[in-house]
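Student: Got a file for you: data.csv, CSV, C-alpha atoms.
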```csv
chain,number,residue,atom,x,y,z
Y,1,MET,CA,15.6,57.6,-59.3
Y,2,SER,CA,15.7,54.2,-57.5
Y,3,ILE,CA,13.3,51.3,-58.4
Y,4,PHE,CA,12.2,51.0,-54.7
Y,5,HIS,CA,12.2,53.5,-51.8
Y,6,ALA,CA,11.5,53.0,-48.1
Y,7,SER,CA,10.8,55.7,-45.6
Y,8,ILE,CA,11.5,54.5,-42.2
Y,9,LEU,CA,10.1,56.1,-39.0
Y,10,THR,CA,12.1,55.2,-36.0
Y,11,LEU,CA,13.4,56.5,-32.6
Y,12,PHE,CA,16.8,55.0,-33.5
Y,13,PRO,CA,17.9,56.3,-36.9
Y,14,GLU,CA,21.5,55.1,-36.2
Y,15,MET,CA,20.2,51.5,-36.6
Y,16,PHE,CA,19.9,52.0,-40.4
Y,17,PRO,CA,21.0,51.0,-42.9
Y,18,GLY,CA,22.7,48.5,-40.5
Y,19,SER,CA,23.0,45.1,-42.2
Y,20,LEU,CA,21.4,46.5,-45.3
Y,21,ASN,CA,24.7,48.4,-46.0
Y,22,TYR,CA,26.4,45.1,-46.8
Y,23,SER,CA,26.4,42.3,-49.3
Y,24,LEU,CA,23.6,42.3,-51.9
Y,25,ALA,CA,21.5,44.9,-50.3
Y,26,GLY,CA,24.5,47.3,-49.7
Y,27,LYS,CA,25.7,46.9,-53.3
Y,28,ALA,CA,22.1,47.6,-54.6
Y,29,LEU,CA,21.9,50.6,-52.3
Y,30,ARG,CA,25.1,52.1,-53.8
Y,31,SER,CA,23.9,51.2,-57.3
Y,32,ASN,CA,20.7,53.2,-56.6
Y,33,ILE,CA,18.5,50.1,-57.1
Y,34,TRP,CA,16.8,51.0,-53.8
Y,35,SER,CA,17.0,53.9,-51.5
Y,36,TYR,CA,15.7,55.0,-48.1
Y,37,ASP,CA,15.2,58.0,-45.9
Y,38,ILE,CA,14.9,58.2,-42.1
Y,39,ILE,CA,12.3,60.2,-40.2
Y,40,ASN,CA,13.3,60.5,-36.6
Y,41,ILE,CA,10.1,60.2,-34.5
Y,42,ARG,CA,11.9,62.0,-31.6
Y,43,ASP,CA,12.0,65.2,-33.7
Y,44,PHE,CA,8.2,65.4,-33.3
Y,45,GLY,CA,8.4,64.8,-29.5
Y,46,LEU,CA,6.5,67.0,-27.1
Y,47,THR,CA,7.9,69.6,-24.6
Y,48,LYS,CA,11.6,70.4,-24.3
Y,49,HIS,CA,12.3,66.8,-23.4
Y,50,LYS,CA,10.9,65.5,-26.7
Y,51,ASN,CA,8.5,63.1,-25.0
Y,52,VAL,CA,7.1,60.5,-27.4
Y,53,ASP,CA,5.1,58.2,-25.0
Y,54,ALA,CA,2.7,58.1,-22.2
Y,55,GLU,CA,1.0,55.7,-19.8
Y,56,ALA,CA,-1.8,53.5,-21.2
Y,57,TYR,CA,-5.4,54.5,-20.5
Y,58,GLY,CA,-7.1,51.7,-18.5
Y,59,GLY,CA,-3.9,50.8,-16.7
Y,60,GLY,CA,-1.3,48.2,-17.6
Y,61,ASN,CA,2.4,47.9,-17.7
Y,62,GLY,CA,4.6,49.9,-20.1
Y,63,LEU,CA,4.3,53.0,-22.1
Y,64,ILE,CA,2.5,53.7,-25.4
Y,65,MET,CA,3.8,55.8,-28.2
Y,66,ARG,CA,1.5,58.9,-28.6
Y,67,PRO,CA,-0.6,59.5,-31.7
Y,68,ASP,CA,0.0,63.3,-31.5
Y,69,VAL,CA,3.7,62.4,-32.0
Y,70,ILE,CA,3.5,59.7,-34.6
Y,71,GLY,CA,0.8,61.4,-36.6
Y,72,PRO,CA,2.9,64.5,-37.6
Y,73,ALA,CA,5.9,62.2,-38.4
Y,74,LEU,CA,3.6,60.1,-40.7
Y,75,ASP,CA,2.2,63.2,-42.3
Y,76,GLN,CA,5.7,64.3,-43.3
Y,77,ALA,CA,6.4,60.9,-44.8
Y,78,LEU,CA,3.1,61.0,-46.7
Y,79,SER,CA,3.5,64.7,-47.8
Y,80,LYS,CA,4.7,63.8,-51.4
Y,81,ASN,CA,2.5,60.8,-51.9
Y,82,PRO,CA,-0.5,60.2,-49.6
Y,83,GLU,CA,-1.2,56.8,-51.2
Y,84,ILE,CA,2.0,55.1,-49.9
Y,85,THR,CA,1.3,51.9,-48.0
Y,86,ILE,CA,2.3,52.1,-44.3
Y,87,TYR,CA,3.6,48.9,-42.7
Y,88,TYR,CA,3.8,48.6,-39.0
Y,89,PRO,CA,5.8,45.6,-37.7
Y,90,SER,CA,3.7,44.0,-34.9
Y,91,PRO,CA,3.1,40.5,-33.4
Y,92,ARG,CA,-0.6,41.1,-34.3
Y,93,GLY,CA,0.2,41.4,-38.0
Y,94,LYS,CA,-0.2,39.1,-41.0
Y,95,LEU,CA,2.7,36.7,-41.1
Y,96,PHE,CA,5.5,37.9,-43.5
Y,97,ASN,CA,6.5,35.3,-46.0
Y,98,GLN,CA,7.9,35.0,-49.5
Y,99,ASP,CA,4.6,35.8,-51.2
Y,100,PHE,CA,4.4,38.9,-49.0
Y,101,ALA,CA,8.0,39.9,-50.0
Y,102,HIS,CA,7.1,39.6,-53.7
Y,103,LYS,CA,4.0,41.8,-53.1
Y,104,ILE,CA,6.0,44.5,-51.5
Y,105,SER,CA,8.8,44.3,-54.1
Y,106,LYS,CA,6.3,45.4,-56.7
Y,107,LYS,CA,5.7,48.7,-55.0
Y,108,LYS,CA,7.7,51.8,-55.8
Y,109,GLU,CA,7.5,53.3,-52.3
Y,110,ILE,CA,6.6,52.1,-48.8
Y,111,ILE,CA,6.7,53.4,-45.2
Y,112,ILE,CA,7.8,51.3,-42.3
Y,113,LEU,CA,6.7,52.6,-38.9
Y,114,CYS,CA,8.9,51.2,-36.2
Y,115,GLY,CA,7.2,51.0,-32.8
Y,116,ARG,CA,8.8,50.9,-29.4
Y,117,PHE,CA,7.8,50.3,-25.8
Y,118,GLU,CA,4.5,48.5,-25.5
Y,119,GLY,CA,3.4,49.7,-29.0
Y,120,ILE,CA,1.6,52.6,-30.6
Y,121,ASP,CA,-1.8,54.1,-30.0
Y,122,GLU,CA,-4.4,52.1,-31.9
Y,123,ARG,CA,-5.8,55.3,-33.4
Y,124,ILE,CA,-2.7,55.6,-35.6
Y,125,ILE,CA,-3.4,52.2,-37.2
Y,126,GLU,CA,-7.1,53.3,-37.8
Y,127,GLU,CA,-6.3,56.8,-39.0
Y,128,TYR,CA,-3.6,55.8,-41.5
Y,129,ASN,CA,-4.9,52.4,-42.4
Y,130,ALA,CA,-1.5,51.0,-41.4
Y,131,GLU,CA,-0.9,47.3,-42.4
Y,132,GLN,CA,0.4,45.3,-39.5
Y,133,ILE,CA,3.0,42.8,-40.4
Y,134,SER,CA,4.7,40.1,-38.3
Y,135,ILE,CA,8.0,38.4,-38.9
Y,136,GLY,CA,7.2,35.6,-36.4
Y,137,ASP,CA,5.5,34.6,-33.3
Y,138,TYR,CA,7.9,36.2,-30.8
Y,139,ILE,CA,8.4,39.6,-29.3
Y,140,LEU,CA,11.2,42.1,-30.2
Y,141,SER,CA,12.2,45.3,-28.4
Y,142,GLY,CA,11.2,47.4,-31.4
Y,143,GLY,CA,10.3,47.4,-35.0
Y,144,GLU,CA,13.8,48.2,-36.4
Y,145,VAL,CA,15.1,44.6,-36.5
Y,146,ALA,CA,11.8,43.5,-38.2
Y,147,ALA,CA,12.2,46.4,-40.7
Y,148,ASN,CA,15.7,45.2,-41.6
Y,149,VAL,CA,14.4,41.6,-42.1
Y,150,ILE,CA,11.5,42.8,-44.3
Y,151,LEU,CA,13.7,45.0,-46.4
Y,152,ASP,CA,16.5,42.5,-46.8
Y,153,SER,CA,14.0,39.9,-48.1
Y,154,VAL,CA,12.3,42.4,-50.5
Y,155,ILE,CA,15.5,44.0,-51.9
Y,156,ARG,CA,17.0,40.8,-53.2
Y,157,LEU,CA,13.8,40.4,-55.3
Y,158,LEU,CA,14.3,43.7,-57.1
Y,159,PRO,CA,15.5,43.6,-60.7
Y,160,GLY,CA,19.3,43.9,-61.0
Y,161,VAL,CA,20.1,42.8,-57.4
Y,162,LEU,CA,20.8,39.2,-58.2
Y,163,THR,CA,23.0,38.6,-61.2
Y,164,ASN,CA,21.4,35.2,-61.9
Y,165,GLN,CA,17.7,35.5,-61.5
Y,166,ASP,CA,17.4,31.7,-61.9
Y,167,THR,CA,18.8,31.5,-58.3
Y,168,LEU,CA,15.4,32.8,-57.0
Y,169,ARG,CA,13.5,29.8,-58.5
Y,170,GLU,CA,15.8,27.3,-56.7
Y,171,GLU,CA,15.3,28.7,-53.2
Y,172,SER,CA,13.0,27.6,-50.4
Y,173,PHE,CA,9.4,28.8,-50.7
Y,174,GLU,CA,10.0,29.4,-54.4
Y,175,ARG,CA,10.2,25.8,-55.5
Y,176,LYS,CA,6.8,23.9,-55.7
Y,177,ASP,CA,5.5,20.4,-55.7
Y,178,ASN,CA,1.9,20.0,-56.9
Y,179,GLY,CA,1.3,23.6,-56.2
Y,180,LYS,CA,2.7,23.5,-52.7
Y,181,LYS,CA,5.7,25.5,-51.6
Y,182,ILE,CA,8.7,23.3,-50.7
Y,183,LEU,CA,12.1,23.9,-49.2
Y,184,GLU,CA,15.4,23.9,-51.1
Y,185,HIS,CA,17.2,20.7,-51.6
Y,186,PRO,CA,20.6,19.9,-49.8
Y,187,LEU,CA,23.5,21.8,-51.2
Y,188,TYR,CA,27.1,20.5,-51.8
Y,189,THR,CA,30.4,22.0,-53.0
Y,190,LYS,CA,34.1,21.1,-53.1
Y,191,PRO,CA,35.7,18.9,-51.8
Y,192,SER,CA,33.7,15.9,-53.0
Y,193,ILE,CA,34.8,13.9,-49.9
Y,194,TRP,CA,35.0,15.6,-46.5
Y,195,ARG,CA,35.6,13.7,-43.3
Y,196,SER,CA,34.6,10.5,-45.1
Y,197,ARG,CA,31.3,12.0,-46.2
Y,198,LYS,CA,30.7,11.8,-50.0
Y,199,ILE,CA,28.4,14.0,-52.0
Y,200,PRO,CA,25.6,12.1,-53.8
Y,201,GLU,CA,26.9,10.4,-57.0
Y,202,VAL,CA,24.1,11.8,-59.1
Y,203,LEU,CA,25.5,15.3,-58.7
Y,204,LEU,CA,28.8,14.2,-60.4
Y,205,SER,CA,27.0,12.4,-63.2
Y,206,GLY,CA,26.6,15.3,-65.6
Y,207,ASN,CA,23.0,14.0,-66.3
Y,208,HIS,CA,21.0,17.2,-65.9
Y,209,GLN,CA,17.7,15.5,-66.1
Y,210,GLU,CA,18.5,13.1,-63.3
Y,211,ILE,CA,20.1,15.9,-61.3
Y,212,GLU,CA,16.9,18.0,-61.5
Y,213,LYS,CA,14.8,14.9,-60.6
Y,214,TRP,CA,17.1,14.3,-57.5
Y,215,LYS,CA,16.8,18.0,-56.5
Y,216,HIS,CA,13.0,17.9,-56.7
Y,217,ASN,CA,12.7,14.7,-54.8
Y,218,GLN,CA,15.2,15.9,-52.1
Y,219,SER,CA,13.2,19.1,-51.7
Y,220,VAL,CA,10.0,17.2,-51.1
Y,221,GLU,CA,11.7,14.9,-48.6
Y,222,VAL,CA,13.4,17.8,-46.7
Y,223,THR,CA,10.0,19.6,-46.6
Y,224,LYS,CA,8.3,16.5,-45.2
Y,225,LYS,CA,10.9,16.2,-42.5
Y,226,LEU,CA,11.4,19.8,-41.5
Y,227,ARG,CA,8.3,21.7,-42.5
Y,228,PRO,CA,5.4,19.2,-43.1
Y,229,ASP,CA,2.9,22.0,-42.5
Y,230,LEU,CA,3.9,23.4,-46.0
Y,231,LEU,CA,2.5,20.3,-47.7
Y,232,LYS,CA,-0.9,20.3,-46.0
```
Write out the structure in this file as structure tokens.

Tutor:
Amino acid sequence: MSIFHASILTLFPEMFPGSLNYSLAGKALRSNIWSYDIINIRDFGLTKHKNVDAEAYGGGNGLIMRPDVIGPALDQALSKNPEITIYYPSPRGKLFNQDFAHKISKKKEIIILCGRFEGIDERIIEEYNAEQISIGDYILSGGEVAANVILDSVIRLLPGVLTNQDTLREESFERKDNGKKILEHPLYTKPSIWRSRKIPEVLLSGNHQEIEKWKHNQSVEVTKKLRPDLLK
């Protein structure tokens, strides 16, 4: 059995695993570190046309996904474990960040409900206590791309995915300065001189204490320049 499992509810099952079938996530999938299953919401559609949406009560543009379609799909996902957390990608949700990714990575199972059109009937959120989650202040065509982003971030935190776990502590939002999250320092590799640009001498010194001091100071400076909000 995998360490982590995601049940994904979507109208477009062919969008998965998508990018999750490659690189670290793909290798972890084939190593059974994580797993997923797809529930096609269209299978629960109404009438011979498998309708899944309807016009909004009160007027307005666009269509809303029906609760009497999504409900049975969620019931199937919850049939083996009614306590699974349901995440619904939505611009109204709590902003997804590295702490949120760590929180999800500690769970054994999750459900991600991918909405489409103008969204889902509010009663689904209330009935199933779905946790709304946002990957940023912008609008996507549906929840599938957001689901891929969330899962990619979570999967790399699972035990056994990264060969060198120390890598995680070096990354942006993992490094800290006086308790504040900071960004990763600038990165350099071969050649040591490229188009007359030299890498900082300290990185060639072999003095690990000075190198670590440089990395930390650079992380703070980069954060001040690019994301000063993190230091407030």

Student: Using all atoms listed in the file, which of the listed residues (Y:Tyr128, Y:Phe12, Y:Tyr138, Y:Trp34) sits closest to Leu151 (chain Y)?

Tutor: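 Distance minimum relative to Leu151 (chain Y) lands on Y:Trp34.
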
Student: Can you pull out every residue within 7 Å of region 60-65 of chain Y, counting all atoms listed in the file, but drop anything in the same chain fewer than 4 positions away, and send it as a PyMOL selection string?

Tutor: chain Y and resi 52-56+117-121

Student: Find, counting all atoms listed in the file, the residue in Y:Leu203, Y:Asp37, Y:Asn217, Y:Leu231 that gets nearest to Gly179 (chain Y).

Tutor: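 Once distances to Gly179 (chain Y) are computed over all atoms listed in the file, the minimum belongs to Y:Leu231.
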
Student: Could you check how far CA of Ala73 (chain Y) sits from CA of Gly143 (chain Y), in Å to one decimal?

Tutor: 15.8 Å

Student: Could you tell me how far CA of Leu230 (chain Y) sits from CA of Asn97 (chain Y), in Å to one decimal place?

Tutor: 12.2 Å

Student: From the options Y:Ala77, Y:Leu168, Y:Leu183, Y:Ile70, which residue's atoms come nearest to Asn51 (chain Y), counting all atoms listed in the file?

Tutor: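 Between Y:Ala77, Y:Leu168, Y:Leu183, Y:Ile70, the residue approaching Asn51 (chain Y) most closely is Y:Ile70.
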
Student: Could you complete region 24-52 of chain Y so that it carries N, CA and C atoms, and give it back as a CSV table (one decimal), keeping the file's coordinate frame?

Tutor:
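Writing the result to selection_12.csv gives the following:
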```csv
chain,number,residue,atom,x,y,z
Y,24,LEU,N,24.5,42.0,-50.8
Y,24,LEU,CA,23.6,42.3,-51.9
Y,24,LEU,C,22.9,43.6,-51.7
Y,25,ALA,N,22.3,43.8,-50.5
Y,25,ALA,CA,21.5,44.9,-50.3
Y,25,ALA,C,22.4,46.2,-50.3
Y,26,GLY,N,23.6,46.1,-49.7
Y,26,GLY,CA,24.5,47.3,-49.7
Y,26,GLY,C,24.9,47.6,-51.1
Y,27,LYS,N,25.3,46.6,-51.9
Y,27,LYS,CA,25.7,46.9,-53.3
Y,27,LYS,C,24.5,47.5,-54.1
Y,28,ALA,N,23.3,47.0,-53.9
Y,28,ALA,CA,22.1,47.6,-54.6
Y,28,ALA,C,21.8,49.0,-54.1
Y,29,LEU,N,22.1,49.3,-52.8
Y,29,LEU,CA,21.9,50.6,-52.3
Y,29,LEU,C,22.9,51.6,-53.0
Y,30,ARG,N,24.1,51.2,-53.1
Y,30,ARG,CA,25.1,52.1,-53.8
Y,30,ARG,C,24.9,52.2,-55.3
Y,31,SER,N,24.2,51.2,-55.9
Y,31,SER,CA,23.9,51.2,-57.3
Y,31,SER,C,22.5,51.9,-57.5
Y,32,ASN,N,21.9,52.5,-56.5
Y,32,ASN,CA,20.7,53.2,-56.6
Y,32,ASN,C,19.5,52.3,-57.1
Y,33,ILE,N,19.6,51.0,-56.8
Y,33,ILE,CA,18.5,50.1,-57.1
Y,33,ILE,C,17.4,50.3,-56.1
Y,34,TRP,N,17.8,50.6,-54.9
Y,34,TRP,CA,16.8,51.0,-53.8
Y,34,TRP,C,17.4,52.1,-53.0
Y,35,SER,N,16.5,52.8,-52.3
Y,35,SER,CA,17.0,53.9,-51.5
Y,35,SER,C,16.1,54.0,-50.3
Y,36,TYR,N,16.5,54.8,-49.3
Y,36,TYR,CA,15.7,55.0,-48.1
Y,36,TYR,C,15.9,56.3,-47.5
Y,37,ASP,N,15.0,56.8,-46.7
Y,37,ASP,CA,15.2,58.0,-45.9
Y,37,ASP,C,14.7,57.7,-44.5
Y,38,ILE,N,15.2,58.4,-43.5
Y,38,ILE,CA,14.9,58.2,-42.1
Y,38,ILE,C,14.1,59.4,-41.6
Y,39,ILE,N,13.0,59.1,-40.9
Y,39,ILE,CA,12.3,60.2,-40.2
Y,39,ILE,C,12.4,59.8,-38.7
Y,40,ASN,N,13.1,60.7,-38.0
Y,40,ASN,CA,13.3,60.5,-36.6
Y,40,ASN,C,12.1,60.9,-35.8
Y,41,ILE,N,11.4,60.0,-35.2
Y,41,ILE,CA,10.1,60.2,-34.5
Y,41,ILE,C,10.4,61.2,-33.4
Y,42,ARG,N,11.6,61.1,-32.8
Y,42,ARG,CA,11.9,62.0,-31.6
Y,42,ARG,C,11.8,63.4,-32.0
Y,43,ASP,N,12.1,63.8,-33.3
Y,43,ASP,CA,12.0,65.2,-33.7
Y,43,ASP,C,10.6,65.8,-33.5
Y,44,PHE,N,9.6,64.9,-33.4
Y,44,PHE,CA,8.2,65.4,-33.3
Y,44,PHE,C,7.7,65.2,-31.8
Y,45,GLY,N,8.7,65.0,-30.9
Y,45,GLY,CA,8.4,64.8,-29.5
Y,45,GLY,C,7.8,66.1,-28.9
Y,46,LEU,N,7.2,65.9,-27.7
Y,46,LEU,CA,6.5,67.0,-27.1
Y,46,LEU,C,7.3,67.6,-25.9
Y,47,THR,N,7.2,68.8,-25.6
Y,47,THR,CA,7.9,69.6,-24.6
Y,47,THR,C,9.4,69.6,-24.9
Y,48,LYS,N,10.1,70.3,-24.1
Y,48,LYS,CA,11.6,70.4,-24.3
Y,48,LYS,C,12.3,69.1,-24.2
Y,49,HIS,N,11.6,68.1,-23.5
Y,49,HIS,CA,12.3,66.8,-23.4
Y,49,HIS,C,12.0,65.9,-24.5
Y,50,LYS,N,11.2,66.3,-25.5
Y,50,LYS,CA,10.9,65.5,-26.7
Y,50,LYS,C,10.2,64.2,-26.3
Y,51,ASN,N,9.2,64.3,-25.4
Y,51,ASN,CA,8.5,63.1,-25.0
Y,51,ASN,C,7.7,62.5,-26.2
Y,52,VAL,N,7.8,61.2,-26.3
Y,52,VAL,CA,7.1,60.5,-27.4
Y,52,VAL,C,6.1,59.5,-26.9
```
